[in-house]
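Undergrad: This one is coords.pdb, PDB, C-alpha atoms, pLDDT in the B column.
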ATOM      1  CA  MET A   1       0.000   0.000   0.000  1.00 94.00           C
ATOM      2  CA  PHE A   2       2.883   2.350   0.820  1.00 95.00           C
ATOM      3  CA  MET A   3       4.306   2.065  -2.688  1.00 96.00           C
ATOM      4  CA  ALA A   4       0.970   2.104  -4.553  1.00 96.00           C
ATOM      5  CA  THR A   5      -0.095   5.295  -2.772  1.00 97.00           C
ATOM      6  CA  CYS A   6       3.366   6.861  -3.204  1.00 96.00           C
ATOM      7  CA  ALA A   7       4.008   7.090   0.522  1.00 96.00           C
ATOM      8  CA  GLY A   8       0.457   8.209   1.234  1.00 96.00           C
ATOM      9  CA  ILE A   9       0.089  10.862  -1.480  1.00 97.00           C
ATOM     10  CA  GLY A  10      -2.900   8.907  -2.762  1.00 96.00           C
ATOM     11  CA  HIS A  11      -4.755   9.661   0.452  1.00 96.00           C
ATOM     12  CA  LEU A  12      -4.514  13.437   0.010  1.00 97.00           C
ATOM     13  CA  PRO A  13      -7.651  15.357  -0.987  1.00 96.00           C
ATOM     14  CA  GLY A  14      -7.861  17.093  -4.346  1.00 96.00           C
ATOM     15  CA  GLY A  15      -5.793  15.655  -7.176  1.00 96.00           C
ATOM     16  CA  PRO A  16      -3.606  12.905  -5.737  1.00 97.00           C
ATOM     17  CA  GLY A  17      -2.626  11.661  -9.217  1.00 96.00           C
ATOM     18  CA  THR A  18      -1.375  15.117 -10.127  1.00 97.00           C
ATOM     19  CA  TYR A  19       0.470  15.391  -6.821  1.00 98.00           C
ATOM     20  CA  ALA A  20       2.184  12.018  -7.353  1.00 98.00           C
ATOM     21  CA  ALA A  21       3.261  12.930 -10.887  1.00 98.00           C
ATOM     22  CA  ALA A  22       4.614  16.274  -9.644  1.00 98.00           C
ATOM     23  CA  VAL A  23       6.548  14.648  -6.802  1.00 97.00           C
ATOM     24  CA  ALA A  24       8.136  12.278  -9.337  1.00 98.00           C
ATOM     25  CA  LEU A  25       9.646  15.125 -11.373  1.00 98.00           C
ATOM     26  CA  PRO A  26      12.763  15.867  -9.273  1.00 98.00           C
ATOM     27  CA  PHE A  27      13.616  12.160  -9.206  1.00 97.00           C
ATOM     28  CA  ILE A  28      13.150  11.807 -12.976  1.00 98.00           C
ATOM     29  CA  TYR A  29      15.166  14.985 -13.616  1.00 98.00           C
ATOM     30  CA  TRP A  30      17.986  13.678 -11.419  1.00 98.00           C
ATOM     31  CA  LEU A  31      17.991  10.263 -13.129  1.00 97.00           C
ATOM     32  CA  SER A  32      18.236  11.909 -16.559  1.00 97.00           C
ATOM     33  CA  HIS A  33      21.471  13.540 -15.421  1.00 97.00           C
ATOM     34  CA  ALA A  34      22.845  10.739 -13.227  1.00 97.00           C
ATOM     35  CA  LEU A  35      22.434   7.586 -15.304  1.00 97.00           C
ATOM     36  CA  PRO A  36      23.256   6.618 -18.859  1.00 97.00           C
ATOM     37  CA  LEU A  37      20.068   6.323 -20.914  1.00 96.00           C
ATOM     38  CA  ALA A  38      20.167   2.512 -21.139  1.00 96.00           C
ATOM     39  CA  GLN A  39      20.407   2.139 -17.347  1.00 97.00           C
ATOM     40  CA  HIS A  40      17.682   4.741 -16.826  1.00 96.00           C
ATOM     41  CA  LEU A  41      15.328   2.886 -19.185  1.00 97.00           C
ATOM     42  CA  GLY A  42      16.196  -0.468 -17.604  1.00 97.00           C
ATOM     43  CA  LEU A  43      15.336   0.897 -14.170  1.00 97.00           C
ATOM     44  CA  LEU A  44      12.043   2.252 -15.505  1.00 98.00           C
ATOM     45  CA  VAL A  45      11.075  -1.080 -17.074  1.00 97.00           C
ATOM     46  CA  ALA A  46      11.889  -2.996 -13.877  1.00 98.00           C
ATOM     47  CA  PHE A  47      10.000  -0.479 -11.729  1.00 97.00           C
ATOM     48  CA  THR A  48       6.993  -0.605 -14.060  1.00 98.00           C
ATOM     49  CA  VAL A  49       6.805  -4.396 -13.878  1.00 97.00           C
ATOM     50  CA  VAL A  50       6.997  -4.401 -10.076  1.00 98.00           C
ATOM     51  CA  SER A  51       4.433  -1.575  -9.953  1.00 97.00           C
ATOM     52  CA  VAL A  52       1.846  -3.809 -11.642  1.00 97.00           C
ATOM     53  CA  PHE A  53       2.151  -6.163  -8.674  1.00 97.00           C
ATOM     54  CA  TRP A  54       2.006  -3.360  -6.085  1.00 97.00           C
ATOM     55  CA  CYS A  55      -1.051  -1.774  -7.732  1.00 97.00           C
ATOM     56  CA  ASP A  56      -2.799  -5.132  -7.966  1.00 96.00           C
ATOM     57  CA  ARG A  57      -2.195  -5.846  -4.275  1.00 96.00           C
ATOM     58  CA  ALA A  58      -3.353  -2.369  -3.257  1.00 96.00           C
ATOM     59  CA  GLY A  59      -6.512  -2.667  -5.346  1.00 95.00           C
ATOM     60  CA  LYS A  60      -7.373  -5.941  -3.632  1.00 96.00           C
ATOM     61  CA  ALA A  61      -6.654  -4.480  -0.187  1.00 96.00           C
ATOM     62  CA  LEU A  62      -8.789  -1.419  -0.938  1.00 95.00           C
ATOM     63  CA  GLU A  63     -11.467  -3.630  -2.544  1.00 92.00           C
ATOM     64  CA  GLU A  64     -11.474  -1.198  -5.458  1.00 91.00           C
ATOM     65  CA  ASP A  65      -9.813  -2.161  -8.732  1.00 83.00           C
ATOM     66  CA  ASP A  66      -8.523   1.296  -9.732  1.00 86.00           C
ATOM     67  CA  SER A  67      -8.831   3.377  -6.583  1.00 94.00           C
ATOM     68  CA  ARG A  68      -7.990   7.087  -6.669  1.00 94.00           C
ATOM     69  CA  LYS A  69      -5.679   6.289  -3.768  1.00 97.00           C
ATOM     70  CA  ILE A  70      -3.452   4.230  -6.079  1.00 97.00           C
ATOM     71  CA  VAL A  71      -1.200   6.840  -7.689  1.00 97.00           C
ATOM     72  CA  LEU A  72       1.947   4.890  -8.486  1.00 98.00           C
ATOM     73  CA  ASP A  73       0.646   4.613 -12.051  1.00 97.00           C
ATOM     74  CA  GLU A  74       0.848   8.406 -12.410  1.00 97.00           C
ATOM     75  CA  TRP A  75       4.430   8.369 -11.129  1.00 97.00           C
ATOM     76  CA  VAL A  76       5.336   5.742 -13.743  1.00 98.00           C
ATOM     77  CA  GLY A  77       3.354   7.489 -16.505  1.00 98.00           C
ATOM     78  CA  VAL A  78       5.167  10.803 -16.170  1.00 98.00           C
ATOM     79  CA  TRP A  79       8.452   8.925 -15.867  1.00 98.00           C
ATOM     80  CA  ILE A  80       7.725   7.199 -19.195  1.00 98.00           C
ATOM     81  CA  ALA A  81       6.963  10.577 -20.809  1.00 98.00           C
ATOM     82  CA  LEU A  82      10.385  11.886 -19.797  1.00 98.00           C
ATOM     83  CA  ALA A  83      12.632   8.795 -19.665  1.00 96.00           C
ATOM     84  CA  PRO A  84      13.813   8.791 -23.295  1.00 96.00           C
ATOM     85  CA  PHE A  85      15.601  12.095 -22.772  1.00 95.00           C
ATOM     86  CA  SER A  86      19.039  12.501 -21.246  1.00 94.00           C
ATOM     87  CA  GLN A  87      19.922  15.746 -19.503  1.00 96.00           C
ATOM     88  CA  LEU A  88      16.312  16.937 -19.103  1.00 97.00           C
ATOM     89  CA  THR A  89      15.631  20.637 -18.744  1.00 96.00           C
ATOM     90  CA  VAL A  90      13.056  22.094 -16.371  1.00 97.00           C
ATOM     91  CA  ALA A  91      10.968  23.178 -19.388  1.00 97.00           C
ATOM     92  CA  GLU A  92      10.948  19.605 -20.718  1.00 97.00           C
ATOM     93  CA  CYS A  93       9.833  18.331 -17.313  1.00 98.00           C
ATOM     94  CA  VAL A  94       6.945  20.803 -17.267  1.00 98.00           C
ATOM     95  CA  ILE A  95       5.910  19.935 -20.836  1.00 98.00           C
ATOM     96  CA  GLY A  96       6.043  16.200 -20.126  1.00 98.00           C
ATOM     97  CA  PHE A  97       4.127  16.609 -16.886  1.00 98.00           C
ATOM     98  CA  VAL A  98       1.355  18.719 -18.444  1.00 98.00           C
ATOM     99  CA  ALA A  99       1.088  16.506 -21.545  1.00 98.00           C
ATOM    100  CA  PHE A 100       0.944  13.354 -19.452  1.00 98.00           C
ATOM    101  CA  ARG A 101      -1.686  14.693 -17.046  1.00 98.00           C
ATOM    102  CA  VAL A 102      -3.905  15.971 -19.886  1.00 98.00           C
ATOM    103  CA  LEU A 103      -3.682  12.598 -21.626  1.00 97.00           C
ATOM    104  CA  ASP A 104      -4.189  10.661 -18.404  1.00 95.00           C
ATOM    105  CA  ILE A 105      -7.261  12.683 -17.451  1.00 95.00           C
ATOM    106  CA  THR A 106      -8.915  12.891 -20.891  1.00 95.00           C
ATOM    107  CA  LYS A 107      -7.826   9.414 -22.087  1.00 94.00           C
ATOM    108  CA  PRO A 108      -7.976  10.013 -25.869  1.00 94.00           C
ATOM    109  CA  LEU A 109      -6.596   7.818 -28.671  1.00 88.00           C
ATOM    110  CA  GLY A 110      -7.855   4.498 -27.311  1.00 91.00           C
ATOM    111  CA  ILE A 111      -6.437   5.070 -23.841  1.00 94.00           C
ATOM    112  CA  ARG A 112     -10.006   5.012 -22.452  1.00 92.00           C
ATOM    113  CA  LYS A 113     -10.523   1.516 -23.938  1.00 94.00           C
ATOM    114  CA  ILE A 114      -7.481   0.256 -22.078  1.00 92.00           C
ATOM    115  CA  ASP A 115      -8.840   1.770 -18.868  1.00 86.00           C
ATOM    116  CA  ASP A 116     -12.307   0.270 -19.429  1.00 90.00           C
ATOM    117  CA  HIS A 117     -11.326  -3.245 -20.503  1.00 93.00           C
ATOM    118  CA  ILE A 118      -8.193  -4.256 -18.604  1.00 94.00           C
ATOM    119  CA  HIS A 119      -8.473  -4.703 -14.869  1.00 93.00           C
ATOM    120  CA  GLY A 120      -6.273  -5.432 -11.878  1.00 94.00           C
ATOM    121  CA  GLY A 121      -2.776  -4.076 -11.489  1.00 95.00           C
ATOM    122  CA  LEU A 122      -2.101  -4.382 -15.197  1.00 95.00           C
ATOM    123  CA  GLY A 123      -5.162  -2.280 -16.020  1.00 94.00           C
ATOM    124  CA  VAL A 124      -4.222   0.327 -13.438  1.00 95.00           C
ATOM    125  CA  MET A 125      -0.809   0.697 -15.043  1.00 96.00           C
ATOM    126  CA  LEU A 126      -1.456   0.271 -18.786  1.00 96.00           C
ATOM    127  CA  ASP A 127      -3.572   3.374 -19.409  1.00 96.00           C
ATOM    128  CA  ASP A 128      -0.879   5.485 -17.746  1.00 97.00           C
ATOM    129  CA  VAL A 129       1.854   3.708 -19.695  1.00 97.00           C
ATOM    130  CA  ALA A 130      -0.063   4.536 -22.892  1.00 97.00           C
ATOM    131  CA  ALA A 131      -0.560   8.171 -21.833  1.00 97.00           C
ATOM    132  CA  GLY A 132       3.144   8.406 -20.980  1.00 98.00           C
ATOM    133  CA  LEU A 133       4.154   7.009 -24.360  1.00 98.00           C
ATOM    134  CA  VAL A 134       1.974   9.536 -26.210  1.00 98.00           C
ATOM    135  CA  ALA A 135       3.267  12.353 -23.961  1.00 98.00           C
ATOM    136  CA  ILE A 136       6.771  11.718 -25.300  1.00 98.00           C
ATOM    137  CA  ILE A 137       5.715  13.448 -28.543  1.00 98.00           C
ATOM    138  CA  PRO A 138       5.350  17.022 -27.229  1.00 98.00           C
ATOM    139  CA  VAL A 139       8.588  16.716 -25.256  1.00 98.00           C
ATOM    140  CA  LEU A 140      10.373  15.483 -28.356  1.00 97.00           C
ATOM    141  CA  ALA A 141       8.835  18.295 -30.436  1.00 97.00           C
ATOM    142  CA  TRP A 142      10.036  20.861 -27.886  1.00 97.00           C
ATOM    143  CA  ARG A 143      13.524  19.396 -27.804  1.00 95.00           C
ATOM    144  CA  MET A 144      13.740  19.371 -31.605  1.00 94.00           C
ATOM    145  CA  ALA A 145      12.478  22.988 -31.799  1.00 96.00           C
ATOM    146  CA  VAL A 146      14.991  24.182 -29.212  1.00 92.00           C
ATOM    147  CA  LEU A 147      17.946  22.208 -30.524  1.00 85.00           C
ATOM    148  CA  GLY A 148      17.100  22.954 -34.127  1.00 74.00           C
TER     149      GLY A 148
END
Can you dump the structure from the file as C-alpha cells?
TA:
Amino acid sequence: MFMATCAGIGHLPGGPGTYAAAVALPFIYWLSHALPLAQHLGLLVAFTVVSVFWCDRAGKALEEDDSRKIVLDEWVGVWIALAPFSQLTVAECVIGFVAFRVLDITKPLGIRKIDDHIHGGLGVMLDDVAAGLVAIIPVLAWRMAVLG
C-alpha cells in the first residue's frame, strides 16, 4: 500500500494523481542527469513491472480495482513521458508533466478503452503507460524545436 499510494500521497484530498506525478519530477530529472540512458530505461522497465504487482495488491486491499488512492501509475506514466531524454531541462519536465496529465485525465486515442477493458494491477498501469508514451511526442517536439 505504501508504494501504490506513493508514501500516502494517494490519500490526500484534491488531485492525488497530479500530486504524485509532480513529486516524481525531481527524481526523474535527477535520473536523466545521473544515469546513462540505457540504465535509466532499464530501471524504468523494472520499476513498471513491479508496480503492476504493487497496484494489484493495493486494489485488492482497498477492494477497489482502480482506486484514486493508487497513484503509483501516475508516477510511472510521467516517468515514461520523460525517460527517453538525457539531460532533461526544467521546461521539458513541465511539458512532459502537463502533456501526461492531460492525456491521463482525458484518455484520448484508445487510452479510455485500455482503462475500461483491462483490470487489476495491469489495467491500473497500462492506461498510464499509454498516456506516458503519447506524452513523449510534445517533449520530443520541444527538444527538436529548441535544438534545431
Undergrad: Kindly indicate which residue among A:Leu122, A:Leu62, A:Val90, A:Ala83 lies nearest to Leu35 of chain A, using all atoms listed in the file for the distances.
TA: A:Ala83
Undergrad: Restricting the calculation to all atoms listed in the file, which member of A:Gly132, A:Gly96, A:Pro84, A:Gly10 is positioned closest to Cys55 of chain A?
TA: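 The closest residue to Cys55 of chain A is A:Gly10.
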Undergrad: For segment 72-88 of chain A, take all atoms listed in the file, fit an axis-aligned box around them, add 8 Å to each of the six sides, then output centre and edge lengths in Å rounded to one decimal, as JSON.
TA:
{"center_x": 10.3, "center_y": 10.8, "center_z": -15.9, "size_x": 35.3, "size_y": 28.3, "size_z": 30.8}
Undergrad: Which residues match the PyMOL selection byres ((chain A and resi 138) around 10) in the file above, as JSON, numbers by chain?
TA: {"A": [81, 92, 95, 96, 98, 99, 100, 134, 135, 136, 137, 139, 140, 141, 142, 143, 144]}
Undergrad: Output as JSON lines one row per residue of segment 50-78 of chain A within 9 Å of segment 111-120 of chain A: the closest atom pair and its distance in Å to one decimal place, counting only C-alpha atoms, sorted by chain and residue number ascending.
TA:
{"residue": "A:Val52", "atom": "CA", "partner": "A:Gly120", "partner_atom": "CA", "distance": 8.3}
{"residue": "A:Cys55", "atom": "CA", "partner": "A:Gly120", "partner_atom": "CA", "distance": 7.6}
{"residue": "A:Asp56", "atom": "CA", "partner": "A:Gly120", "partner_atom": "CA", "distance": 5.2}
{"residue": "A:Arg57", "atom": "CA", "partner": "A:Gly120", "partner_atom": "CA", "distance": 8.6}
{"residue": "A:Gly59", "atom": "CA", "partner": "A:Gly120", "partner_atom": "CA", "distance": 7.1}
{"residue": "A:Lys60", "atom": "CA", "partner": "A:Gly120", "partner_atom": "CA", "distance": 8.3}
{"residue": "A:Asp65", "atom": "CA", "partner": "A:Gly120", "partner_atom": "CA", "distance": 5.8}
{"residue": "A:Asp66", "atom": "CA", "partner": "A:Gly120", "partner_atom": "CA", "distance": 7.4}
Undergrad: Save out the residues we just selected, C-alpha atoms, as a tab-separated table (two decimals), in the coordinates of the input.
TA:
chain	number	residue	atom	x	y	z
A	52	VAL	CA	1.85	-3.81	-11.64
A	55	CYS	CA	-1.05	-1.77	-7.73
A	56	ASP	CA	-2.80	-5.13	-7.97
A	57	ARG	CA	-2.19	-5.85	-4.28
A	59	GLY	CA	-6.51	-2.67	-5.35
A	60	LYS	CA	-7.37	-5.94	-3.63
A	65	ASP	CA	-9.81	-2.16	-8.73
A	66	ASP	CA	-8.52	1.30	-9.73
Undergrad: Using all atoms listed in the file, pick whichever of A:Leu88, A:Val71, A:Ala131, A:Ala7 has the shortest atom-to-atom distance to Pro26 of chain A.
TA: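 Of A:Leu88, A:Val71, A:Ala131, A:Ala7, the one nearest Pro26 of chain A, counting all atoms listed in the file, is A:Leu88.
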